[in-house]
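Notes for the one structure printed next.
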Amino acid sequence: MEPLAPHEKIFVDSEFAEDENHGALGCHECHGGNPKDPNWKTAHKGVIKDPSYPDPSSTCGTCHDDIAENYETSFHVSLAPSKKMINMRADPDKAVHSKVDAARESHCNACHSSCGQCHISRPESVEGGLLDGHLFQKRPPMQEVCTACHGSRIGKEYLGEIEGVPPDIHKQKYFKCDKCHKADEMHGDGKDYANRYDVENGPKCLDCHKDIYDAKSENAKNHWIHKDQVSCHVCHSMPYNNCTSCHVGKDKQGLKFYKIKGSFIDFKIGINPLRTEKRPERFVTVRHIPVDQGTFKFYVKNGLTNFDKLPTWKLATPHNVRRKTPQNKTCNACHGNEDLFLLKKDVKREYLKANKDVIVPPNLIPEKRRDD
C-alpha cells in the first residue's frame with residue numbers, strides 16, 4: 001500500500017468539531033499535552049500519538065466501556081494465537097525461551113492494531129496516517145484498514161489480484177469485510193482462544209447459506225454426502241497464496257528486517273489439524289505458512305527445538321470462494337485427483353514430522369466414481 005503524503009497523515013478536518021459524539025472533546029483530553037501553553041514545543045510535551053494503545057480505558061473506554069473491557073482479548077491487539085504457536089515451538093529452557101519471546105515481541109508484534117488504528121487512522125504497519133481528517137469511521141474502510149494488514153493473502157485473494165484467479169464471489173456482490181466479520185468478533189468477547197477458528201461468534205457459511213441441506217436446494221444431495229467430511233472451502237475455494245520460510249533479524253544499523261524465500265500459488269487439501277465438534281470435517285484446505293526452524297536464529301541458536309509440535313501446513317479458509325470451481329466441476333475432478341491433496345512428496349523432508357497429521361495418506365484419497 002502506498003503511504004500517505006505527510007500533510008495527508010496529519011490534516012484534521014474542521015468538520016471534526018461538529019462530530020456529535022467526539023467534537024466536544026479537546027485534543028488534550030485524549031492525546032495529552034497542555035493546550036494553555038503558548039509555546040508549541042512545550043505544549044506538546046507528553047503527547048500520545050495513539051491513546052487507544054495499549055490501554056484505551058481512559059479514552060475510548062470512558063464511553064465504550066463494554067468494548068474496552070474486552071480490548072485485550074481482541075486478536076488485533078493481543079496477537080494471542082501467534083504468541084501461543086511460537087511458545088509451543090520454542091525451547092522450554094527459560095534462557096532460550098526468553099530470547100525467542102523478545103524476538104517475537106520485536107518483530108511479530110509489530111502488526112498489532114488498536115481502536116484508533118481501525119476507526120481513525122491507517123494501521124502503523126503501513127505507516128499510519130489519518131483516514132479522513134480525524135473523523136471517526138464507524139465501519140473502517142476495507143482497503144484502507146483491513147487489507148492494509150491482511151493484504152498479501154486475504155486481500156489479493158478477495159479482490160482477485162492473483163493472476164488467473166477471479167475475485168471472491170462475495171466481493172462481486174459488493175460485500176465488505178464487516179458483512180461477515182462483525183464488531184463483536186473484532187472487539188473480542190473476554191475469552192482467551194487458542195486460534196481464530198475457536199472464536200464463538202466468528203462467521204460461518206451456514207449463517208447465510210441456511211438452505212443448502214434443504215431438499216428443494218439445487219445441490220442438497222451433494223451437500224449431504226459431503227457434510228462433516230469436507231469443509232466448504234474444499235469445494236468452493238480457488239488456488240491461493242502460500243508463503244515459505246521467514247527469517248528475522250537486524251542490519252548493521254540496528255534496523256529490524258525479515259526475509260522470506262518467496263511464495264507460491266497452490267490449492268491443497270489436507271487432514272483437518274483442528275478437528276473439533278465445531279469443525280468436524282476430515283478434509284480441509286491447508287496453506288503453507290512462513291516459518292522454519294531458523295526463523296529466530298539471528299537472536300538465538302536452536303530457539304525452536306519443539307518446531308515439530310505444529311504443522312507448517314495449517315487449516316485455511318481462503319477468501320476466494322466461488323460457486324463453481326475446477327475441483328467441483330465433476331465428481332472425478334476431485335475424487336482420485338492426487339494433485340489436489342497434500343501428499344508426502346509435497347512436503348520437504350525436514351518438515352515431514354511436523355506435518356504428519358496433516359498429510360493425506362494415499363488410502364484416504366477418495367476413489368474415482370464410475371458413474372461420473
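In the C-alpha cells, chains take letters A, B, ... by order of appearance, with residues numbered from 1 within each chain and ligands from 1 in the order shown.
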Tell me, counting only C-alpha atoms, for each residue of segment 84-126 of chain A within 10 Å of segment 244-264 of chain A, which pair of atoms is nearest and how far apart they are in Å to one decimal, in rows ordered by chain and increasing number, as a Markdown table.
| residue | atom | partner | partner_atom | distance |
| --- | --- | --- | --- | --- |
| A:Ala103 | CA | A:Val248 | CA | 8.1 |
| A:Arg104 | CA | A:Val248 | CA | 9.3 |
| A:Ser106 | CA | A:Lys256 | CA | 8.1 |
| A:His107 | CA | A:Val248 | CA | 7.2 |
| A:Cys108 | CA | A:Val248 | CA | 9.3 |
Limited to C-alpha atoms, could you put the picked residues into a file as a PDB file, in the first residue's frame?
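out-v7.pdb written:
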ATOM      1  CA  ALA A 103      12.452 -11.597  19.090  1.00  0.00           C
ATOM      2  CA  ARG A 104       8.726 -12.264  18.731  1.00  0.00           C
ATOM      3  CA  SER A 106      10.273  -7.096  18.376  1.00  0.00           C
ATOM      4  CA  HIS A 107       9.118  -8.480  15.030  1.00  0.00           C
ATOM      5  CA  CYS A 108       5.852 -10.423  15.156  1.00  0.00           C
TER       6      CYS A 108
END
*asked:* Residues of segment 118-324 of chain A classed as alpha helix (DSSP H) by DSSP on the backbone are to be reported as a PyMOL selection string.
replied: chain A and resi 118-119+147-149+156-159+169-172+183-187+220-226+232-236
For the selection you just gave me, I'd like the residues written to a file as a compact mmCIF listing (two decimals), in the first residue's frame, keeping C-alpha atoms.
# COMPACT_ATOMS: atom_id res chain seq x y z
CA CYS A 118 -9.09 0.94 12.76
CA HIS A 119 -11.53 3.80 13.27
CA THR A 147 -6.47 -5.30 3.63
CA ALA A 148 -3.76 -2.82 4.60
CA CYS A 149 -2.63 -5.54 7.02
CA LYS A 156 -5.20 -10.33 -3.06
CA GLU A 157 -7.45 -13.36 -2.97
CA TYR A 158 -10.64 -11.46 -2.16
CA LEU A 159 -10.02 -8.68 -4.66
CA ILE A 169 -17.96 -14.14 -5.33
CA HIS A 170 -18.84 -12.11 -2.23
CA LYS A 171 -16.63 -9.27 -3.48
CA GLN A 172 -18.59 -9.27 -6.72
CA ALA A 183 -17.82 -5.86 15.53
CA ASP A 184 -18.40 -8.37 18.33
CA GLU A 185 -15.84 -10.69 16.77
CA MET A 186 -13.33 -7.93 16.10
CA HIS A 187 -13.54 -6.43 19.60
CA ALA A 220 -28.81 -30.62 -1.49
CA LYS A 221 -27.70 -34.20 -2.29
CA ASN A 222 -24.05 -33.21 -2.77
CA HIS A 223 -24.07 -31.15 0.40
CA TRP A 224 -25.50 -34.03 2.43
CA ILE A 225 -22.97 -36.51 1.01
CA HIS A 226 -20.05 -34.29 1.97
CA CYS A 232 -16.97 -25.74 2.33
CA HIS A 233 -13.64 -24.37 1.07
CA VAL A 234 -12.54 -27.75 -0.26
CA CYS A 235 -15.23 -27.48 -2.91
CA HIS A 236 -15.55 -23.72 -3.23
_Would you compute the distance between atom CA of Ser114 of chain A and atom CA of Glu161 of chain A? Give it in Å to one decimal._
27.4 Å
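When only C-alpha atoms are used to measure the gap to Ser78 of chain A, the shortest distance among A:His134, A:Lys191, A:Lys309, A:Lys9 belongs to A:Lys191.
Reported to one decimal place, the separation of atom CA of Asp198 of chain A from atom CA of Glu350 of chain A is 29.2 Å.
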Lys45 of chain A surroundings by only C-alpha atoms, 12 Å radius, close-in-sequence under 5 positions cut, as a PDB file with C-alpha atoms, in the first residue's frame:
ATOM      1  CA  HIS A  28      -5.585  17.088  25.078  1.00  0.00           C
ATOM      2  CA  HIS A  31      -3.751  12.852  23.441  1.00  0.00           C
ATOM      3  CA  GLY A  32      -2.398  14.755  26.442  1.00  0.00           C
ATOM      4  CA  GLY A  33      -0.272  17.894  26.244  1.00  0.00           C
ATOM      5  CA  ASN A  34      -1.029  21.370  27.578  1.00  0.00           C
ATOM      6  CA  PRO A  35      -3.432  23.499  25.480  1.00  0.00           C
ATOM      7  CA  ASP A  37       0.922  26.650  26.975  1.00  0.00           C
ATOM      8  CA  ASN A  39       4.978  27.528  23.388  1.00  0.00           C
ATOM      9  CA  TRP A  40       4.140  24.768  20.925  1.00  0.00           C
TER      10      TRP A  40
END
Compile a residue-level contact table for segment 152-217 of chain A against segment 61-74 of chain A at a cut-off of 6 Å, reporting for every qualifying residue the shortest atom pair and its distance in Å to one decimal, with only C-alpha atoms counted, rows ordered by chain and ascending number, as JSON lines.
{"residue": "A:His187", "atom": "CA", "partner": "A:Ser74", "partner_atom": "CA", "distance": 5.2}
{"residue": "A:Gly188", "atom": "CA", "partner": "A:Ser74", "partner_atom": "CA", "distance": 4.1}
{"residue": "A:Asp189", "atom": "CA", "partner": "A:Asn70", "partner_atom": "CA", "distance": 5.7}
{"residue": "A:Gly190", "atom": "CA", "partner": "A:Asn70", "partner_atom": "CA", "distance": 4.7}
*Backbone-only DSSP, strand (DSSP E) members of segment 143-305 of chain A, as a ChimeraX atom specification*: /A:240-243,246-250,256-260,263-266,269-271,283-288
*Residue among A:Asp308, A:Asp19, A:Glu2, A:Asp214 lying closest to Gly133 of chain A, counting only C-alpha atoms*: A:Asp19
*Find the residues around segment 135-146 of chain A up to 8 Å (only C-alpha atoms counted), leave out those fewer than 3 positions away in its own chain, and share them as a list of chain:residue names.*
A:Val12, A:Asp13, A:Glu15, A:Phe16, A:Asp19, A:Gln117, A:Cys118, A:His119, A:Ile120, A:Arg122, A:Pro123, A:Leu131, A:Asp132, A:Cys149, A:His150, A:Gly151, A:Lys176, A:Cys177, A:Asp178
Restricted to C-alpha atoms, what would the selected residues look like written as a PDB file, in the first residue's frame?
ATOM      1  CA  VAL A  12      -7.554  17.413  10.814  1.00  0.00           C
ATOM      2  CA  ASP A  13     -10.791  18.379   9.080  1.00  0.00           C
ATOM      3  CA  GLU A  15     -15.815  19.058  10.460  1.00  0.00           C
ATOM      4  CA  PHE A  16     -14.378  17.078  13.361  1.00  0.00           C
ATOM      5  CA  ASP A  19     -18.965  15.494  15.321  1.00  0.00           C
ATOM      6  CA  GLN A 117      -5.766   2.243  14.052  1.00  0.00           C
ATOM      7  CA  CYS A 118      -9.086   0.940  12.760  1.00  0.00           C
ATOM      8  CA  HIS A 119     -11.525   3.799  13.272  1.00  0.00           C
ATOM      9  CA  ILE A 120      -9.371   6.936  12.905  1.00  0.00           C
ATOM     10  CA  ARG A 122      -4.438   3.569   8.988  1.00  0.00           C
ATOM     11  CA  PRO A 123      -2.536   0.880  10.921  1.00  0.00           C
ATOM     12  CA  LEU A 131      -8.193   8.131   7.301  1.00  0.00           C
ATOM     13  CA  ASP A 132     -10.421  11.170   6.873  1.00  0.00           C
ATOM     14  CA  CYS A 149      -2.627  -5.540   7.017  1.00  0.00           C
ATOM     15  CA  HIS A 150      -4.329  -8.605   5.553  1.00  0.00           C
ATOM     16  CA  GLY A 151      -3.182  -7.873   2.033  1.00  0.00           C
ATOM     17  CA  LYS A 176     -17.155  -5.591   2.673  1.00  0.00           C
ATOM     18  CA  CYS A 177     -15.271  -7.418   5.435  1.00  0.00           C
ATOM     19  CA  ASP A 178     -17.783  -6.378   8.092  1.00  0.00           C
TER      20      ASP A 178
END
Which residues of segment 247-284 of chain A come within 9 Å of segment 310-322 of chain A, and for each one, what is the closest pair of atoms and their distance in Å to one decimal, counting only C-alpha atoms, sorted by chain and residue number, as JSON lines?
{"residue": "A:Gly270", "atom": "CA", "partner": "A:Leu315", "partner_atom": "CA", "distance": 8.1}
{"residue": "A:Ile271", "atom": "CA", "partner": "A:Leu315", "partner_atom": "CA", "distance": 8.7}
{"residue": "A:Asn272", "atom": "CA", "partner": "A:Leu315", "partner_atom": "CA", "distance": 6.6}
{"residue": "A:Pro273", "atom": "CA", "partner": "A:Leu315", "partner_atom": "CA", "distance": 6.5}
{"residue": "A:Leu274", "atom": "CA", "partner": "A:Leu315", "partner_atom": "CA", "distance": 7.2}
{"residue": "A:Val284", "atom": "CA", "partner": "A:Leu315", "partner_atom": "CA", "distance": 6.6}
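When atom CA of Gly294 of chain A is paired with atom CA of Glu124 of chain A, their separation reads 27.0 Å.
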